[in-house]
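Heads up: the structure comes next, in structure tokens.
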Amino acid sequence: MKRCSLSICLSILLTAFPSVLCARSAIFILMERYDPNTELALEGQVLRDLTVKGASSDRPVVIPVSMKGRVIFVILGPHWFVRNMGIYLRKGELVRVVGSKVYGRDGRLYIIARELFISGGKSYRIYIFRNKRYVPFWYRTKETGYPMRR
């Protein structure tokens with residue numbers, strides 16, 4: 001009897017809240033769908049400041065970038081990895097993103113970043129998120145040089 005009522009409660013819960021089935025967010029799933037066949041390079045302006053601080057998590061860091069009058073969301077990587085790299089962005093900074101184009105469930109266009117070039121006047125910063133085989137650097141410590149701390 002207890003098993004039956006537990007099964008019924010579980011099926012009601014999963015029917016009412018299908019997001020419970022997936023522990024990862026939709027953007028996290030997109031982050032793993034890098035396709036080199038859809039790779040492109042785009043330039044635009046950052047629409048809001050980005051400073052990654054605080055507790056580490058696997059939550060992906062997404063930045064809105066205005067490119068040719070259209071807002072495109074750039075997925076950089078997990079919060080803890082972006083924080084360890086020391087990435088910061090200021091509203092209005094010019095960026096060049098090389099990455100894979102993908103559409104999310106919400107209909108938005110996302111670019112899964114492989115490289116990010118930030119030009120700020122006389123200086124620039126370059127961040128690389130994936131190796132030559134398109135594998136994210138946060139998967140292996142040997143390839144990154146960064147500790148896999150979370």
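Each chain of the structure tokens is named A, B, ... in the order shown, its residues numbered from 1; ligands are numbered from 1 in display order.
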As a PDB file with C-alpha atoms, in the first residue's frame, which residues of range 19-112 of chain A does DSSP assign to strand (DSSP E or B)?
```pdb
ATOM      1  CA  GLU A  39      30.506  28.159 -35.534  1.00  0.00           C
ATOM      2  CA  LEU A  40      30.645  31.853 -36.343  1.00  0.00           C
ATOM      3  CA  ALA A  41      32.335  35.056 -35.219  1.00  0.00           C
ATOM      4  CA  LEU A  42      30.295  38.079 -34.164  1.00  0.00           C
ATOM      5  CA  GLU A  43      31.115  41.494 -32.763  1.00  0.00           C
ATOM      6  CA  GLY A  44      28.976  43.632 -30.508  1.00  0.00           C
ATOM      7  CA  GLN A  45      28.574  45.596 -27.304  1.00  0.00           C
ATOM      8  CA  VAL A  46      28.001  44.181 -23.843  1.00  0.00           C
ATOM      9  CA  LEU A  50      29.440  41.215 -15.456  1.00  0.00           C
ATOM     10  CA  THR A  51      31.399  40.503 -12.320  1.00  0.00           C
ATOM     11  CA  PRO A  60      26.091  28.956 -16.506  1.00  0.00           C
ATOM     12  CA  VAL A  61      27.156  32.558 -16.997  1.00  0.00           C
ATOM     13  CA  VAL A  62      25.190  34.203 -19.823  1.00  0.00           C
ATOM     14  CA  ILE A  63      25.845  37.735 -21.076  1.00  0.00           C
ATOM     15  CA  PRO A  64      23.545  39.759 -23.361  1.00  0.00           C
ATOM     16  CA  VAL A  65      25.378  41.322 -26.299  1.00  0.00           C
ATOM     17  CA  SER A  66      23.944  43.725 -28.870  1.00  0.00           C
ATOM     18  CA  MET A  67      25.054  42.652 -32.340  1.00  0.00           C
ATOM     19  CA  ARG A  70      19.799  42.309 -32.197  1.00  0.00           C
ATOM     20  CA  VAL A  71      20.323  40.982 -28.681  1.00  0.00           C
ATOM     21  CA  ILE A  72      22.212  37.707 -28.614  1.00  0.00           C
ATOM     22  CA  PHE A  73      22.924  35.795 -25.424  1.00  0.00           C
ATOM     23  CA  VAL A  74      26.468  34.468 -25.067  1.00  0.00           C
ATOM     24  CA  ILE A  75      26.995  31.415 -22.851  1.00  0.00           C
ATOM     25  CA  LEU A  76      30.498  31.530 -21.357  1.00  0.00           C
ATOM     26  CA  GLY A  77      30.646  28.515 -19.036  1.00  0.00           C
ATOM     27  CA  PRO A  78      29.911  27.406 -15.488  1.00  0.00           C
ATOM     28  CA  TYR A  88      34.790  40.823 -15.900  1.00  0.00           C
ATOM     29  CA  LEU A  89      32.873  42.904 -18.439  1.00  0.00           C
ATOM     30  CA  LEU A  94      33.211  45.833 -27.443  1.00  0.00           C
ATOM     31  CA  VAL A  95      33.519  42.068 -27.670  1.00  0.00           C
ATOM     32  CA  ARG A  96      34.189  39.577 -30.416  1.00  0.00           C
ATOM     33  CA  VAL A  97      32.758  36.137 -29.805  1.00  0.00           C
ATOM     34  CA  VAL A  98      33.660  32.973 -31.674  1.00  0.00           C
ATOM     35  CA  GLY A  99      31.204  30.227 -30.911  1.00  0.00           C
ATOM     36  CA  SER A 100      28.465  27.849 -31.900  1.00  0.00           C
ATOM     37  CA  LYS A 101      24.998  29.162 -32.736  1.00  0.00           C
ATOM     38  CA  VAL A 102      22.040  27.449 -31.075  1.00  0.00           C
ATOM     39  CA  TYR A 103      18.413  28.304 -30.356  1.00  0.00           C
ATOM     40  CA  LEU A 109      19.479  32.871 -30.080  1.00  0.00           C
ATOM     41  CA  TYR A 110      22.467  31.788 -27.998  1.00  0.00           C
ATOM     42  CA  ILE A 111      26.142  31.644 -28.869  1.00  0.00           C
ATOM     43  CA  ILE A 112      28.108  29.018 -26.947  1.00  0.00           C
TER      44      ILE A 112
END
```
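Distances here use only C-alpha atoms; by that measure, the residue among A:Arg125, A:Lys53, A:Arg59, A:Arg33 closest to Ala113 in chain A is A:Arg33.
CA of Met31 in chain A to CA of Arg133 in chain A spans 15.3 Å [interatomic distance, one decimal].
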Between CA of Ile87 in chain A and CA of Val52 in chain A, measure the distance and give it in Å to one decimal.
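CA of Ile87 in chain A sits 7.3 Å away from CA of Val52 in chain A.
You can rank A:Asp58, A:Glu93, A:Glu115, A:Glu32 by their closest distance to Ile128 in chain A using only C-alpha atoms, and at the top of that list sits A:Glu115.
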